[in-house]
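Peer 1: Sharing structure.cif (mmCIF, C-alpha atoms) below.
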```cif
data_my_file
#
loop_
_atom_site.group_PDB
_atom_site.id
_atom_site.type_symbol
_atom_site.label_atom_id
_atom_site.label_comp_id
_atom_site.auth_asym_id
_atom_site.auth_seq_id
_atom_site.Cartn_x
_atom_site.Cartn_y
_atom_site.Cartn_z
ATOM 1 C CA MET C 1 -71.759 -90.035 -22.102
ATOM 2 C CA GLU C 2 -68.462 -89.647 -24.008
ATOM 3 C CA ILE C 3 -67.110 -92.815 -22.414
ATOM 4 C CA SER C 4 -70.068 -94.915 -23.561
ATOM 5 C CA ARG C 5 -69.731 -93.695 -27.168
ATOM 6 C CA LYS C 6 -66.027 -94.487 -27.109
ATOM 7 C CA TYR C 7 -66.325 -98.014 -25.737
ATOM 8 C CA PHE C 8 -69.815 -99.188 -26.682
ATOM 9 C CA THR C 9 -69.559 -99.102 -30.441
ATOM 10 C CA ILE C 10 -70.861 -101.827 -32.741
ATOM 11 C CA PRO C 11 -67.308 -103.008 -33.586
ATOM 12 C CA ASN C 12 -66.424 -103.265 -29.884
ATOM 13 C CA ILE C 13 -69.683 -105.072 -29.092
ATOM 14 C CA LEU C 14 -68.840 -107.610 -31.814
ATOM 15 C CA SER C 15 -65.385 -108.090 -30.286
ATOM 16 C CA PHE C 16 -66.930 -108.404 -26.800
ATOM 17 C CA TYR C 17 -69.240 -111.067 -28.236
ATOM 18 C CA ARG C 18 -66.264 -113.100 -29.486
ATOM 19 C CA ILE C 19 -64.582 -112.874 -26.089
ATOM 20 C CA ALA C 20 -67.788 -113.788 -24.233
ATOM 21 C CA ALA C 21 -68.534 -116.685 -26.623
ATOM 22 C CA PHE C 22 -65.032 -118.131 -26.203
ATOM 23 C CA PRO C 23 -65.667 -120.421 -23.191
ATOM 24 C CA PHE C 24 -68.933 -121.742 -24.662
ATOM 25 C CA VAL C 25 -67.348 -122.537 -28.040
ATOM 26 C CA LEU C 26 -64.385 -124.144 -26.278
ATOM 27 C CA ILE C 27 -66.720 -126.367 -24.226
ATOM 28 C CA LEU C 28 -68.512 -127.430 -27.412
ATOM 29 C CA ALA C 29 -65.185 -128.504 -28.898
ATOM 30 C CA LEU C 30 -63.987 -130.297 -25.784
ATOM 31 C CA TYR C 31 -67.260 -132.238 -25.507
ATOM 32 C CA GLY C 32 -67.194 -133.191 -29.184
ATOM 33 C CA TYR C 33 -70.109 -131.132 -30.534
ATOM 34 C CA GLN C 34 -68.517 -130.523 -33.917
ATOM 35 C CA THR C 35 -71.515 -129.032 -35.765
ATOM 36 C CA ALA C 36 -72.313 -126.490 -33.038
ATOM 37 C CA PHE C 37 -68.606 -125.711 -32.669
ATOM 38 C CA VAL C 38 -68.208 -125.061 -36.398
ATOM 39 C CA ILE C 39 -71.296 -122.851 -36.571
ATOM 40 C CA LEU C 40 -70.144 -120.683 -33.654
ATOM 41 C CA LEU C 41 -66.557 -120.571 -34.937
ATOM 42 C CA MET C 42 -67.852 -119.330 -38.306
ATOM 43 C CA ILE C 43 -69.976 -116.710 -36.518
ATOM 44 C CA ASN C 44 -66.824 -115.594 -34.675
ATOM 45 C CA LEU C 45 -64.968 -115.304 -37.981
ATOM 46 C CA LEU C 46 -67.825 -113.322 -39.554
ATOM 47 C CA THR C 47 -68.053 -110.944 -36.589
ATOM 48 C CA ASP C 48 -64.295 -110.417 -36.877
ATOM 49 C CA ILE C 49 -64.727 -109.353 -40.496
ATOM 50 C CA LEU C 50 -67.721 -107.165 -39.659
ATOM 51 C CA ASP C 51 -66.124 -105.327 -36.744
ATOM 52 C CA GLY C 52 -63.267 -104.139 -38.955
ATOM 53 C CA ILE C 53 -65.514 -103.115 -41.831
ATOM 54 C CA ILE C 54 -67.880 -101.213 -39.533
ATOM 55 C CA ALA C 55 -65.036 -99.551 -37.597
ATOM 56 C CA ARG C 56 -63.487 -98.231 -40.819
ATOM 57 C CA ALA C 57 -66.777 -97.299 -42.500
ATOM 58 C CA PHE C 58 -68.076 -95.317 -39.523
ATOM 59 C CA ASN C 59 -64.713 -93.979 -38.315
ATOM 60 C CA GLN C 60 -64.920 -95.940 -35.064
ATOM 61 C CA GLN C 61 -61.311 -97.124 -34.982
ATOM 62 C CA THR C 62 -59.797 -96.629 -31.537
ATOM 63 C CA GLU C 63 -56.798 -97.941 -29.646
ATOM 64 C CA PHE C 64 -59.178 -99.652 -27.216
ATOM 65 C CA GLY C 65 -61.039 -101.283 -30.110
ATOM 66 C CA ALA C 66 -57.803 -102.452 -31.746
ATOM 67 C CA ARG C 67 -56.650 -104.083 -28.501
ATOM 68 C CA LEU C 68 -60.064 -105.620 -27.859
ATOM 69 C CA ASP C 69 -60.176 -106.994 -31.407
ATOM 70 C CA SER C 70 -56.688 -108.454 -31.021
ATOM 71 C CA LEU C 71 -57.678 -110.194 -27.781
ATOM 72 C CA ALA C 72 -60.788 -111.607 -29.469
ATOM 73 C CA ASP C 73 -58.612 -112.717 -32.416
ATOM 74 C CA LEU C 74 -56.338 -114.638 -30.031
ATOM 75 C CA GLY C 75 -59.350 -116.448 -28.650
ATOM 76 C CA THR C 76 -60.612 -117.294 -32.117
ATOM 77 C CA TYR C 77 -57.160 -118.619 -33.094
ATOM 78 C CA PHE C 78 -57.098 -120.759 -29.963
ATOM 79 C CA LEU C 79 -60.570 -122.112 -30.762
ATOM 80 C CA ALA C 80 -59.630 -122.949 -34.352
ATOM 81 C CA ILE C 81 -56.480 -124.768 -33.193
ATOM 82 C CA THR C 82 -58.502 -126.613 -30.556
ATOM 83 C CA GLY C 83 -60.985 -127.653 -33.247
ATOM 84 C CA VAL C 84 -58.153 -128.956 -35.406
ATOM 85 C CA ILE C 85 -56.735 -130.985 -32.496
ATOM 86 C CA VAL C 86 -60.100 -132.346 -31.346
ATOM 87 C CA PHE C 87 -61.819 -132.995 -34.668
ATOM 88 C CA LYS C 88 -59.174 -133.096 -37.418
ATOM 89 C CA ALA C 89 -55.951 -134.394 -35.857
ATOM 90 C CA SER C 90 -55.709 -137.324 -38.278
ATOM 91 C CA ASP C 91 -55.938 -134.960 -41.277
ATOM 92 C CA PHE C 92 -53.107 -132.844 -39.875
ATOM 93 C CA ALA C 93 -50.838 -135.705 -38.777
ATOM 94 C CA PRO C 94 -48.833 -135.793 -42.045
ATOM 95 C CA HIS C 95 -48.453 -131.997 -41.949
ATOM 96 C CA MET C 96 -47.354 -131.499 -38.337
ATOM 97 C CA LEU C 97 -43.960 -129.990 -39.186
ATOM 98 C CA SER C 98 -45.434 -127.147 -41.244
ATOM 99 C CA PHE C 99 -48.300 -126.691 -38.789
ATOM 100 C CA GLY C 100 -45.818 -126.610 -35.908
ATOM 101 C CA ILE C 101 -43.734 -123.907 -37.624
ATOM 102 C CA PHE C 102 -46.913 -121.916 -38.298
ATOM 103 C CA LEU C 103 -48.024 -122.160 -34.662
ATOM 104 C CA GLY C 104 -44.528 -121.519 -33.338
ATOM 105 C CA LEU C 105 -44.210 -118.258 -35.265
ATOM 106 C CA PHE C 106 -47.688 -117.206 -34.147
ATOM 107 C CA VAL C 107 -46.762 -117.845 -30.507
ATOM 108 C CA LEU C 108 -43.381 -116.125 -30.957
ATOM 109 C CA ALA C 109 -45.051 -112.996 -32.373
ATOM 110 C CA ASN C 110 -47.283 -112.787 -29.310
ATOM 111 C CA ILE C 111 -44.562 -113.584 -26.770
ATOM 112 C CA LEU C 112 -42.228 -111.030 -28.344
ATOM 113 C CA SER C 113 -44.911 -108.376 -27.969
ATOM 114 C CA LEU C 114 -45.545 -109.321 -24.344
ATOM 115 C CA LEU C 115 -41.844 -109.209 -23.538
ATOM 116 C CA LYS C 116 -41.004 -106.020 -25.430
ATOM 117 C CA PHE C 117 -44.219 -103.988 -25.098
ATOM 118 C CA LYS C 118 -45.899 -105.630 -22.065
ATOM 119 C CA ARG C 119 -49.099 -106.221 -24.073
ATOM 120 C CA PHE C 120 -50.510 -108.355 -26.821
ATOM 121 C CA PRO C 121 -49.845 -107.063 -30.325
ATOM 122 C CA SER C 122 -52.461 -105.053 -32.189
ATOM 123 C CA LEU C 123 -50.615 -104.192 -35.393
ATOM 124 C CA HIS C 124 -53.426 -105.423 -37.685
ATOM 125 C CA LEU C 125 -51.124 -105.674 -40.692
ATOM 126 C CA TYR C 126 -52.571 -106.131 -44.158
ATOM 127 C CA SER C 127 -50.769 -109.471 -44.356
ATOM 128 C CA TRP C 128 -52.491 -110.639 -41.150
ATOM 129 C CA LYS C 129 -55.892 -109.445 -42.314
ATOM 130 C CA ILE C 130 -55.545 -111.241 -45.637
ATOM 131 C CA GLY C 131 -54.142 -114.251 -43.784
ATOM 132 C CA GLY C 132 -57.176 -114.220 -41.518
ATOM 133 C CA TYR C 133 -59.483 -114.395 -44.529
ATOM 134 C CA ILE C 134 -57.441 -117.246 -46.004
ATOM 135 C CA GLN C 135 -57.475 -119.083 -42.679
ATOM 136 C CA GLY C 136 -61.221 -118.545 -42.304
ATOM 137 C CA ILE C 137 -61.836 -119.997 -45.773
ATOM 138 C CA PHE C 138 -59.530 -122.907 -44.990
ATOM 139 C CA PHE C 139 -61.277 -123.701 -41.691
ATOM 140 C CA PHE C 140 -64.711 -123.455 -43.313
ATOM 141 C CA ILE C 141 -63.663 -125.866 -46.084
ATOM 142 C CA LEU C 142 -61.881 -128.125 -43.582
ATOM 143 C CA PHE C 143 -64.910 -128.543 -41.333
ATOM 144 C CA VAL C 144 -67.574 -128.575 -44.047
ATOM 145 C CA PHE C 145 -65.917 -130.406 -46.953
ATOM 146 C CA GLY C 146 -62.716 -131.910 -45.538
ATOM 147 C CA PHE C 147 -58.982 -131.326 -45.701
ATOM 148 C CA HIS C 148 -57.630 -129.756 -48.909
ATOM 149 C CA ALA C 149 -53.821 -129.973 -49.100
ATOM 150 C CA GLY C 150 -53.348 -127.184 -51.679
ATOM 151 C CA LEU C 151 -55.385 -124.690 -49.661
ATOM 152 C CA TYR C 152 -53.653 -125.840 -46.482
ATOM 153 C CA TYR C 153 -50.184 -125.126 -47.852
ATOM 154 C CA PHE C 154 -51.303 -121.797 -49.283
ATOM 155 C CA MET C 155 -52.698 -120.833 -45.851
ATOM 156 C CA ILE C 156 -49.575 -122.032 -44.031
ATOM 157 C CA SER C 157 -47.189 -120.268 -46.434
ATOM 158 C CA TRP C 158 -49.088 -116.996 -46.231
ATOM 159 C CA GLY C 159 -49.329 -117.268 -42.451
ATOM 160 C CA ILE C 160 -45.621 -117.928 -42.008
ATOM 161 C CA LEU C 161 -44.745 -114.889 -44.144
ATOM 162 C CA ALA C 162 -47.248 -112.725 -42.255
ATOM 163 C CA PHE C 163 -45.907 -113.870 -38.876
ATOM 164 C CA LEU C 164 -42.338 -113.142 -39.984
ATOM 165 C CA GLU C 165 -43.359 -109.644 -41.110
ATOM 166 C CA HIS C 166 -45.070 -109.127 -37.762
ATOM 167 C CA ILE C 167 -41.974 -110.246 -35.834
ATOM 168 C CA ILE C 168 -39.642 -108.048 -37.914
ATOM 169 C CA ILE C 169 -41.859 -104.999 -37.343
ATOM 170 C CA GLN C 170 -41.914 -105.648 -33.598
ATOM 171 C CA LEU C 171 -38.124 -105.812 -33.588
ATOM 172 C CA ILE C 172 -37.944 -102.461 -35.416
ATOM 173 C CA ILE C 173 -40.551 -100.297 -33.693
ATOM 174 C CA PRO C 174 -39.793 -98.717 -30.318
ATOM 175 C CA GLU C 175 -43.402 -98.950 -29.043
ATOM 176 C CA MET C 176 -46.481 -100.952 -30.011
ATOM 177 C CA ARG C 177 -48.603 -99.042 -32.480
ATOM 178 C CA SER C 178 -51.996 -100.331 -33.494
ATOM 179 C CA ASN C 179 -53.312 -100.546 -37.037
ATOM 180 C CA GLN C 180 -50.067 -100.528 -38.990
ATOM 181 C CA LYS C 181 -50.300 -101.462 -42.661
ATOM 182 C CA GLY C 182 -47.093 -103.442 -43.087
ATOM 183 C CA LEU C 183 -43.310 -103.441 -43.119
ATOM 184 C CA TYR C 184 -43.066 -101.169 -46.145
ATOM 185 C CA TRP C 185 -45.076 -98.426 -44.406
ATOM 186 C CA VAL C 186 -43.249 -98.862 -41.093
ATOM 187 C CA LEU C 187 -39.894 -98.459 -42.827
ATOM 188 C CA ARG C 188 -41.181 -95.477 -44.818
ATOM 189 C CA ASN C 189 -42.152 -93.699 -41.618
#
```
Turn the structure described in the file into structure tokens.
Peer 2:
Amino acid sequence: MEISRKYFTIPNILSFYRIAAFPFVLILALYGYQTAFVILLMINLLTDILDGIIARAFNQQTEFGARLDSLADLGTYFLAITGVIVFKASDFAPHMLSFGIFLGLFVLANILSLLKFKRFPSLHLYSWKIGGYIQGIFFFILFVFGFHAGLYYFMISWGILAFLEHIIIQLIIPEMRSNQKGLYWVLRN
């Protein structure tokens, strides 16, 4: 019974949903069903917000949940990038250098974790959480109203800084620790 309470929490079920929905949302994108893709991507983003709020509010934060959430986040990132490539490539064409740097740092943060810690990162830094909200707002506006250059560059700038913080922390810490607040707190400890 203890195992089921540890793993089958509402936050974990929401993360499981995002992982299970991944192939279906990806198929929608690849077959060009933009409206259905956007709706399910927004549901994924909302469940990502909800799982964190519920986990903190009901003291259901666990190492397993942090790792599961991080895996679901990777899938959601991949889906958003796929949506950009499939549906909005012409909007992004003039901004490929900044988008490439953004994606490169994101990939580097994950590869560094795999090489150094033999697992995907689950730091959940404040900068990444805030960046996730900014990215979610950007993707909503992108798919519903169209490309907005000011919001794009705000999202990219924040994301690049958050990825750099993430990489620096990984270079400093001796082992992967979930749910860190940020560089300031890592250095303080």
Peer 1: Counting all atoms listed in the file, which of C:His166, C:Ile10, C:Met96, C:Thr82 gets nearest to Ile27 (chain C)?
Peer 2: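 Closest to Ile27 (chain C), using all atoms listed in the file: C:Thr82.
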Peer 1: Select, from C:Lys116, C:Leu171, C:Ser98, C:Lys181, the residue with the minimum atom-to-atom distance to Trp158 (chain C), counting only C-alpha atoms.
Peer 2: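 Closest candidate: C:Ser98.
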Peer 1: Taking all atoms of region 103-114 of chain C that the file lists and extending 5 Å past them on each side, where is the centre of the axis-aligned box and how long are its edges? Answer in Å to one decimal, as lines of an AutoDock Vina configuration file.
Peer 2:
```
center_x = -45.1
center_y = -115.3
center_z = -29.8
size_x = 15.8
size_y = 23.8
size_z = 20.9
```
Peer 1: Hey, what comes out of the PyMOL selection byres ((chain C and resi 127-131) around 8) on this file? Could you write it as a list in words?
Peer 2: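 That expression, the PyMOL selection byres ((chain C and resi 127-131) around 8), corresponds here to His124, Leu125, Tyr126, Gly132, Tyr133, Ile134, Gln135, Met155, Trp158, Gly159, Ala162, Phe163 and Gly182 of chain C.
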Peer 1: Do a neighbour search on Leu71 (chain C) at 9 Å with only C-alpha atoms, toss out local chain neighbours closer than 3 positions, and write the hits as a list in words.
Peer 2: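 Neighbouring residues, sequence-local ones excluded: Ser15, Ile19, Ala66, Arg67, Leu68, Leu74, Gly75, Thr76, Phe120, Pro121 and Ser122 of chain C.
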Peer 1: By how many Å are CA of Ser90 (chain C) and CA of Tyr152 (chain C) apart?
Peer 2: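 Atom-to-atom, CA of Ser90 (chain C) and CA of Tyr152 (chain C) are spaced 14.3 Å apart.
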Peer 1: Missing atoms in region 112-134 of chain C should be modelled up to N, CA and C atoms and reported as a compact mmCIF listing (two decimals), in the frame of the given file.
Peer 2:
```txt
# COMPACT_ATOMS: atom_id res chain seq x y z
N LEU C 112 -43.11 -112.17 -28.11
CA LEU C 112 -42.23 -111.03 -28.34
C LEU C 112 -42.91 -109.72 -27.95
N SER C 113 -44.17 -109.58 -28.33
CA SER C 113 -44.91 -108.38 -27.97
C SER C 113 -45.08 -108.25 -26.46
N LEU C 114 -45.39 -109.36 -25.80
CA LEU C 114 -45.54 -109.32 -24.34
C LEU C 114 -44.24 -108.95 -23.65
N LEU C 115 -43.13 -109.50 -24.15
CA LEU C 115 -41.84 -109.21 -23.54
C LEU C 115 -41.39 -107.78 -23.82
N LYS C 116 -41.53 -107.33 -25.06
CA LYS C 116 -41.00 -106.02 -25.43
C LYS C 116 -41.95 -104.88 -25.06
N PHE C 117 -43.26 -105.08 -25.26
CA PHE C 117 -44.22 -103.99 -25.10
C PHE C 117 -45.16 -104.18 -23.91
N LYS C 118 -45.07 -105.32 -23.24
CA LYS C 118 -45.90 -105.63 -22.06
C LYS C 118 -47.39 -105.69 -22.40
N ARG C 119 -47.70 -106.07 -23.65
CA ARG C 119 -49.10 -106.22 -24.07
C ARG C 119 -49.15 -107.08 -25.32
N PHE C 120 -50.33 -107.59 -25.60
CA PHE C 120 -50.51 -108.36 -26.82
C PHE C 120 -50.42 -107.41 -28.02
N PRO C 121 -49.97 -107.93 -29.15
CA PRO C 121 -49.84 -107.06 -30.32
C PRO C 121 -51.20 -106.68 -30.89
N SER C 122 -51.24 -105.51 -31.52
CA SER C 122 -52.46 -105.05 -32.19
C SER C 122 -52.09 -104.33 -33.48
N LEU C 123 -51.10 -104.85 -34.18
CA LEU C 123 -50.62 -104.19 -35.39
C LEU C 123 -51.64 -104.21 -36.52
N HIS C 124 -52.41 -105.28 -36.64
CA HIS C 124 -53.43 -105.42 -37.68
C HIS C 124 -52.85 -105.16 -39.08
N LEU C 125 -51.78 -105.83 -39.40
CA LEU C 125 -51.12 -105.67 -40.69
C LEU C 125 -52.01 -106.19 -41.82
N TYR C 126 -51.83 -105.63 -43.00
CA TYR C 126 -52.57 -106.13 -44.16
C TYR C 126 -52.34 -107.62 -44.35
N SER C 127 -51.08 -108.06 -44.16
CA SER C 127 -50.77 -109.47 -44.36
C SER C 127 -51.54 -110.35 -43.37
N TRP C 128 -51.73 -109.86 -42.13
CA TRP C 128 -52.49 -110.64 -41.15
C TRP C 128 -53.97 -110.64 -41.49
N LYS C 129 -54.47 -109.50 -41.95
CA LYS C 129 -55.89 -109.44 -42.31
C LYS C 129 -56.19 -110.40 -43.46
N ILE C 130 -55.36 -110.33 -44.50
CA ILE C 130 -55.54 -111.24 -45.64
C ILE C 130 -55.37 -112.68 -45.17
N GLY C 131 -54.35 -112.92 -44.34
CA GLY C 131 -54.14 -114.25 -43.78
C GLY C 131 -55.34 -114.75 -42.99
N GLY C 132 -55.97 -113.85 -42.27
CA GLY C 132 -57.18 -114.22 -41.52
C GLY C 132 -58.30 -114.67 -42.43
N TYR C 133 -58.46 -113.99 -43.56
CA TYR C 133 -59.48 -114.40 -44.53
C TYR C 133 -59.14 -115.77 -45.10
N ILE C 134 -57.88 -115.96 -45.45
CA ILE C 134 -57.44 -117.25 -46.00
C ILE C 134 -57.65 -118.35 -44.98
```
